[in-house]
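Participant: Sharing a structure, written as structure tokens. Questions coming.
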Amino acid sequence: MPGTSRTTAGATVSSLLDAIEPLGRDGATGGYRRPVFSAAELELREWFIAEAERRGLGVDVDRNGVIWAWWGAPMDGALVTGSHLDSVPGGGAFDGPLGVASALTAIDRMRERGVTPSRSLAVVVFPEEEGSRFGVACLGSRLLTGLLDPDRARNLTDRDGTTLAEAYAAAGMDPAHLGADPAALARIGQFVELHVEQGRGLIDLGKPVAIGSSILGHGRWKIVVSGQGNHAGTTLMVDRADPVVAAADIVGAISELARQIDDARATVGRFEPVPGGTNVIASRVDLWIDVRHPDDTVTRSLVQTIAREAAVRAERHGCTAELLEESWSPTVGFDPALGRRLADLVPGAPVLRSGAGHDAGILAASVPSAMLFVRNPSGISHSPEEYVERADADDSADVLADVLAGLL
């Protein structure tokens with residue numbers, strides 16, 4: 001196996017994150033805009049490849065745009081770790097990149113300890129984990145595992161009307177080859193993803209690292225509220241069928257309905273009037289909701305209730321409302337045996353469930369998967385206020401190195 005190169009000697013998770021800190025920074029929010037295959041995300045992908053090659057890792061990109069960096073020859077049943085580099089609009093610096101930087105640094109730490117792997121290890125970067133550009137979360141891992149139809153994927157469009165197929169082609173990949181990749185999936189014997197915690201669990205417990213037990217079922221739905229477009233100055237209030245007013249009523253109802261169910265979460269994070277002119281009564285409003293609950297039947301029931309209430313409230317304003325499902329991920333429990341092994345390798349680490357989706361949750365149905373969460377003292381994520389202390393970030397590589405070495 002290659003030894004540690006001079007260019008990586010002394011590298012830390014913090015120093016790797018510092019190197020990419022300016023990329024995709026949003027001046028308006030202070031957070032990051034790194035949608036998949038944007039200039040910023042493509043530069044991050046190049047950064048990862050360069051850092052992998054500095055470590056003597058062999059790099060390849062599969063048919064779905066997943067980057068693989070190999071310590072040892074590519075092989076079936078390898079130990080795999082990694083995360084993603086794309087972000088939500090205005091997101092934090094650690095959601096995704098922390099896991100990638102920790103994985104690279106964990107290889108450095110294992111080499112410094114003289115670890116000789118008995119099987120190959122790969123660090124992966126999945127594209128479009130957040131779904132911020134094309135609306136489907138964990139798109140790369142869904143394509144890899146066959147959970148997303150490739151024809152549907154190719155025809156997804158972003159806000160500018162660019163299709164996913166066009167975005168892949170512009171990034172130098174052939175969209176005709178998107179889809180289930182059994183050969184690539186067979187490379188993964190076990191998958192361990194390290195990620196910033198996106199809540200307060202570790203703060204409240206006073207612990208730096210946790211082991212993931214499960215991921216809440218969740219999905220994304222689009223509600224299309226249709227009315228009558230018209231002139232803002234010539235149309236009397238009594239003559240209007242304004243979908244913005246109807247949609248605002250629906251947004252309030254969504255929050256009210258979710259609050260009536262213990263542990264339910266429902267969020268409207270995107271609201272787009274069409275055509276969007278200041279002096280124009282919109283003809284349509286598109287709004288997107290994210291709904292989650294630990295019990296999948298409760299999630300589904302809440303969505304059905306939202307659909308019925310949306311139709312009722314839209315009708316009050318002379319409009320119609322249609323609900324369309326864009327993605328759905330059932331509740332996922334991580335591999336129990338792998339979880340017990342992580343508990344042995346990270347003694348004293350609490351076990352937490354995740355309310356956020358991750359590529360590990362998609363892979364869990366196909367391969368033994370696990371997650372490690374690193375303390376976020378702000379308790380806030382998908383926001384510029386997301387944070388990880390430098391000491392915790394750097395220590396995360398040591399924890400991941402302990403886990404990976406113990407599993408090799």
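To be explicit about the labels: the chains of the structure tokens are called A, B, and onward in the order shown, and within each one the residues are counted from 1, while ligands get numbers from 1 in the order they are shown.
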Excluding Asp290 of chain A and any residue of its chain fewer than 6 positions from it, enumerate the residues within 7 Å of it, using only C-alpha atoms, and give them as a PDB file with N, CA and C atoms, in the first residue's frame.
Facilitator:
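Saved to selection01.pdb:
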ATOM      1  N   GLY A 219     -40.366  12.518   3.030  1.00  0.00           N
ATOM      2  CA  GLY A 219     -40.539  12.685   1.603  1.00  0.00           C
ATOM      3  C   GLY A 219     -40.728  14.140   1.242  1.00  0.00           C
ATOM      4  N   ARG A 220     -40.790  14.385  -0.063  1.00  0.00           N
ATOM      5  CA  ARG A 220     -41.014  15.729  -0.594  1.00  0.00           C
ATOM      6  C   ARG A 220     -42.197  15.682  -1.548  1.00  0.00           C
ATOM      7  N   TRP A 221     -43.095  16.626  -1.360  1.00  0.00           N
ATOM      8  CA  TRP A 221     -44.281  16.714  -2.191  1.00  0.00           C
ATOM      9  C   TRP A 221     -44.421  18.143  -2.718  1.00  0.00           C
ATOM     10  N   ALA A 266     -43.488  19.109   9.446  1.00  0.00           N
ATOM     11  CA  ALA A 266     -43.909  19.464   8.090  1.00  0.00           C
ATOM     12  C   ALA A 266     -43.410  20.876   7.794  1.00  0.00           C
ATOM     13  N   THR A 267     -42.732  21.022   6.671  1.00  0.00           N
ATOM     14  CA  THR A 267     -42.053  22.279   6.347  1.00  0.00           C
ATOM     15  C   THR A 267     -42.350  22.699   4.913  1.00  0.00           C
ATOM     16  N   VAL A 268     -42.711  23.961   4.728  1.00  0.00           N
ATOM     17  CA  VAL A 268     -42.773  24.556   3.395  1.00  0.00           C
ATOM     18  C   VAL A 268     -41.513  25.400   3.243  1.00  0.00           C
TER      19      VAL A 268
END
Participant: Using DSSP on the backbone, list every residue of segment 2-243 of chain A that comes out as alpha helix (DSSP H), and give them as JSON, numbers by chain.
Facilitator: {"A": [13, 14, 15, 16, 17, 18, 19, 20, 39, 40, 41, 42, 43, 44, 45, 46, 47, 48, 49, 50, 51, 52, 53, 54, 97, 98, 99, 100, 101, 102, 103, 104, 105, 106, 107, 108, 109, 110, 111, 112, 139, 140, 141, 142, 143, 144, 145, 150, 151, 152, 153, 154, 164, 165, 166, 167, 168, 169, 170, 182, 183, 184, 185, 186, 201, 202, 203, 204, 205, 243]}
Participant: Generate the output file for the selected residues, C-alpha atoms, as a PDB file, in the first residue's frame.
Facilitator:
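Saved file again.pdb follows:
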ATOM      1  CA  VAL A  13      -9.810  17.943   8.894  1.00  0.00           C
ATOM      2  CA  SER A  14      -9.799  21.648   9.745  1.00  0.00           C
ATOM      3  CA  SER A  15      -7.055  22.438   7.247  1.00  0.00           C
ATOM      4  CA  LEU A  16      -8.913  20.603   4.480  1.00  0.00           C
ATOM      5  CA  LEU A  17     -12.132  22.451   5.281  1.00  0.00           C
ATOM      6  CA  ASP A  18     -10.247  25.751   5.421  1.00  0.00           C
ATOM      7  CA  ALA A  19      -9.005  25.121   1.879  1.00  0.00           C
ATOM      8  CA  ILE A  20     -12.530  24.901   0.487  1.00  0.00           C
ATOM      9  CA  ALA A  39     -19.194  25.786 -10.746  1.00  0.00           C
ATOM     10  CA  ALA A  40     -18.625  25.554  -6.987  1.00  0.00           C
ATOM     11  CA  GLU A  41     -19.556  21.876  -6.713  1.00  0.00           C
ATOM     12  CA  LEU A  42     -17.472  20.939  -9.744  1.00  0.00           C
ATOM     13  CA  GLU A  43     -14.507  22.731  -8.189  1.00  0.00           C
ATOM     14  CA  LEU A  44     -15.104  20.785  -4.971  1.00  0.00           C
ATOM     15  CA  ARG A  45     -15.125  17.532  -6.921  1.00  0.00           C
ATOM     16  CA  GLU A  46     -11.781  18.492  -8.473  1.00  0.00           C
ATOM     17  CA  TRP A  47     -10.464  19.385  -5.008  1.00  0.00           C
ATOM     18  CA  PHE A  48     -11.429  15.946  -3.725  1.00  0.00           C
ATOM     19  CA  ILE A  49      -9.792  14.171  -6.661  1.00  0.00           C
ATOM     20  CA  ALA A  50      -6.598  16.181  -6.173  1.00  0.00           C
ATOM     21  CA  GLU A  51      -6.500  15.399  -2.428  1.00  0.00           C
ATOM     22  CA  ALA A  52      -7.109  11.715  -3.121  1.00  0.00           C
ATOM     23  CA  GLU A  53      -4.327  11.592  -5.707  1.00  0.00           C
ATOM     24  CA  ARG A  54      -1.934  13.338  -3.296  1.00  0.00           C
ATOM     25  CA  PRO A  97     -17.755  18.126   3.484  1.00  0.00           C
ATOM     26  CA  LEU A  98     -17.010  17.140   7.107  1.00  0.00           C
ATOM     27  CA  GLY A  99     -17.496  13.468   6.230  1.00  0.00           C
ATOM     28  CA  VAL A 100     -15.358  13.752   3.102  1.00  0.00           C
ATOM     29  CA  ALA A 101     -12.513  15.606   4.830  1.00  0.00           C
ATOM     30  CA  SER A 102     -12.632  13.211   7.806  1.00  0.00           C
ATOM     31  CA  ALA A 103     -12.414  10.210   5.482  1.00  0.00           C
ATOM     32  CA  LEU A 104      -9.323  11.554   3.709  1.00  0.00           C
ATOM     33  CA  THR A 105      -7.662  12.436   7.011  1.00  0.00           C
ATOM     34  CA  ALA A 106      -8.601   9.067   8.535  1.00  0.00           C
ATOM     35  CA  ILE A 107      -6.524   7.398   5.822  1.00  0.00           C
ATOM     36  CA  ASP A 108      -3.597   9.618   6.835  1.00  0.00           C
ATOM     37  CA  ARG A 109      -4.066   8.598  10.469  1.00  0.00           C
ATOM     38  CA  MET A 110      -4.199   4.891   9.671  1.00  0.00           C
ATOM     39  CA  ARG A 111      -1.030   5.136   7.620  1.00  0.00           C
ATOM     40  CA  GLU A 112       0.705   6.990  10.448  1.00  0.00           C
ATOM     41  CA  LEU A 139     -30.100  11.153  -6.183  1.00  0.00           C
ATOM     42  CA  GLY A 140     -26.681   9.567  -6.802  1.00  0.00           C
ATOM     43  CA  SER A 141     -27.178   6.744  -4.315  1.00  0.00           C
ATOM     44  CA  ARG A 142     -30.769   6.219  -5.527  1.00  0.00           C
ATOM     45  CA  LEU A 143     -29.524   5.800  -9.094  1.00  0.00           C
ATOM     46  CA  LEU A 144     -26.702   3.489  -7.994  1.00  0.00           C
ATOM     47  CA  THR A 145     -29.064   1.185  -6.087  1.00  0.00           C
ATOM     48  CA  PRO A 150     -33.136   6.618 -14.946  1.00  0.00           C
ATOM     49  CA  ASP A 151     -35.634   7.976 -17.471  1.00  0.00           C
ATOM     50  CA  ARG A 152     -37.369   9.954 -14.741  1.00  0.00           C
ATOM     51  CA  ALA A 153     -33.971  11.169 -13.521  1.00  0.00           C
ATOM     52  CA  ARG A 154     -32.816  12.297 -16.965  1.00  0.00           C
ATOM     53  CA  LEU A 164     -30.500  16.453 -15.356  1.00  0.00           C
ATOM     54  CA  ALA A 165     -29.343  14.817 -18.583  1.00  0.00           C
ATOM     55  CA  GLU A 166     -28.037  18.156 -19.832  1.00  0.00           C
ATOM     56  CA  ALA A 167     -26.284  18.835 -16.512  1.00  0.00           C
ATOM     57  CA  TYR A 168     -24.535  15.463 -16.575  1.00  0.00           C
ATOM     58  CA  ALA A 169     -23.475  15.980 -20.182  1.00  0.00           C
ATOM     59  CA  ALA A 170     -22.123  19.454 -19.384  1.00  0.00           C
ATOM     60  CA  PRO A 182     -24.883  -3.733  -9.652  1.00  0.00           C
ATOM     61  CA  ALA A 183     -21.142  -3.938 -10.308  1.00  0.00           C
ATOM     62  CA  ALA A 184     -20.463  -0.687  -8.425  1.00  0.00           C
ATOM     63  CA  LEU A 185     -22.830  -1.649  -5.626  1.00  0.00           C
ATOM     64  CA  ALA A 186     -21.036  -4.976  -5.208  1.00  0.00           C
ATOM     65  CA  GLY A 201     -28.678  15.321  20.711  1.00  0.00           C
ATOM     66  CA  LEU A 202     -24.951  15.473  21.383  1.00  0.00           C
ATOM     67  CA  ILE A 203     -25.088  18.909  22.996  1.00  0.00           C
ATOM     68  CA  ASP A 204     -27.701  17.761  25.468  1.00  0.00           C
ATOM     69  CA  LEU A 205     -25.746  14.567  26.211  1.00  0.00           C
ATOM     70  CA  PRO A 243     -53.589  31.395  -5.901  1.00  0.00           C
TER      71      PRO A 243
END
Participant: For Asp359 of chain A, work out the shell of residues within 10 Å, counting only C-alpha atoms and skipping chain neighbours fewer than 5 positions away, then give it as a PyMOL selection string.
Facilitator: chain A and resi 82-84+125-130+137-142+191+193+364+369
Participant: Find the residues near Thr29 of chain A: any atom within 10 Å, counting only C-alpha atoms, skip ones fewer than 5 places away on the same chain, and give them as a PyMOL selection string.
Facilitator: chain A and resi 89-91+383-384
Participant: Here is a test: counting only C-alpha atoms, which residue of A:Asp149, A:Asp295, A:Glu315, A:Asp60 is nearest to Thr331 of chain A?
Facilitator: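 Of the candidates, the smallest distance to Thr331 of chain A is held by A:Asp295.
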Participant: Give me, as a ChimeraX atom specification, the residues of segment 84-207 of chain A that a backbone DSSP run labels strand (DSSP E or B).
Facilitator: /A:84,91,121-126,157,163,188-196
Participant: When distances are computed from only C-alpha atoms, which of A:Ser301, A:Ser38, A:Ser120, A:Asn376 shows the smallest separation from Thr162 of chain A?
Facilitator: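 Of all the options, A:Ser38 lies closest to Thr162 of chain A.
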Participant: Write out as a PyMOL selection string each polymer residue whose atoms come within 12 Å of Gly252 of chain A, counting only C-alpha atoms; drop sequence neighbours fewer than 3 positions from it.
Facilitator: chain A and resi 245-249+255-259+266-268+306+309-310+313
Participant: Identify, on the basis of only C-alpha atoms, every residue whose closest approach to His218 of chain A does not exceed 6 Å; exclude the query and any residue fewer than 2 positions from it along the same chain; express the result as a compact mmCIF listing (two decimals) with C-alpha atoms, in the first residue's frame.
Facilitator:
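Generated output (part.txt):
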# COMPACT_ATOMS: atom_id res chain seq x y z
CA VAL A 291 -42.98 15.82 5.86
CA ARG A 292 -41.41 13.49 8.46
CA SER A 329 -37.79 7.45 1.77
Participant: Restricting the calculation to only C-alpha atoms, which member of A:Ala349, A:Ala69, A:Val123, A:Ala370 is positioned closest to Ala337 of chain A?
Facilitator: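 Checking each of A:Ala349, A:Ala69, A:Val123, A:Ala370 against Ala337 of chain A, counting only C-alpha atoms, the winner is A:Ala370.
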Participant: Can you list, as a ChimeraX atom specification, every protein, DNA or RNA residue that comes within 9 Å of Leu352 of chain A when you count only C-alpha atoms, leaving out same-chain residues fewer than 3 positions away?
Facilitator: /A:201-202,210-214,373
Participant: Those residues with N, CA and C atoms, as a tab-separated table (two decimals), in the first residue's frame please?
Facilitator:
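Listed below is the output, part-v7.tsv:
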chain	number	residue	atom	x	y	z
A	201	GLY	N	-28.88	16.52	19.92
A	201	GLY	CA	-28.68	15.32	20.71
A	201	GLY	C	-27.36	15.28	21.45
A	202	LEU	N	-26.27	15.55	20.76
A	202	LEU	CA	-24.95	15.47	21.38
A	202	LEU	C	-24.69	16.63	22.34
A	210	ALA	N	-21.63	10.38	18.20
A	210	ALA	CA	-22.71	9.40	18.41
A	210	ALA	C	-22.73	8.41	17.25
A	211	ILE	N	-23.38	7.28	17.50
A	211	ILE	CA	-23.61	6.26	16.49
A	211	ILE	C	-25.07	6.35	16.05
A	212	GLY	N	-25.32	6.32	14.76
A	212	GLY	CA	-26.68	6.42	14.26
A	212	GLY	C	-27.41	5.09	14.36
A	213	SER	N	-28.69	5.15	14.73
A	213	SER	CA	-29.50	3.94	14.81
A	213	SER	C	-30.47	3.82	13.65
A	214	SER	N	-31.02	4.97	13.22
A	214	SER	CA	-32.05	4.94	12.19
A	214	SER	C	-32.23	6.34	11.60
A	373	PHE	N	-22.11	10.49	14.02
A	373	PHE	CA	-22.47	11.90	14.04
A	373	PHE	C	-21.50	12.66	14.94
Participant: At what distance in Å, to one decimal, does atom CA of Gly277 of chain A lie from atom CA of Ala321 of chain A?
Facilitator: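 Taking atom CA of Ala321 of chain A and atom CA of Gly277 of chain A, their separation equals 21.1 Å.
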Participant: For Trp328 of chain A, which residue out of A:Val374, A:Val303, A:Val36, A:Ala401 is the nearest one, using only C-alpha atoms?
Facilitator: A:Val303
Participant: Could you tell me which of A:Leu400, A:Leu216, A:Leu372, A:Val224 comes closest to Val332 of chain A if we count only C-alpha atoms?
Facilitator: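 Checking each of A:Leu400, A:Leu216, A:Leu372, A:Val224 against Val332 of chain A, counting only C-alpha atoms, the winner is A:Leu216.
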Participant: Considering only C-alpha atoms, state which residue in the set A:Arg159, A:Pro35, A:Ala122, A:Arg200 is at the smallest distance from Gly72 of chain A.
Facilitator: A:Ala122
Participant: What does the structure give for the distance between atom CA of Ser354 of chain A and atom CA of Val136 of chain A, in Å to one decimal?
Facilitator: 18.7 Å
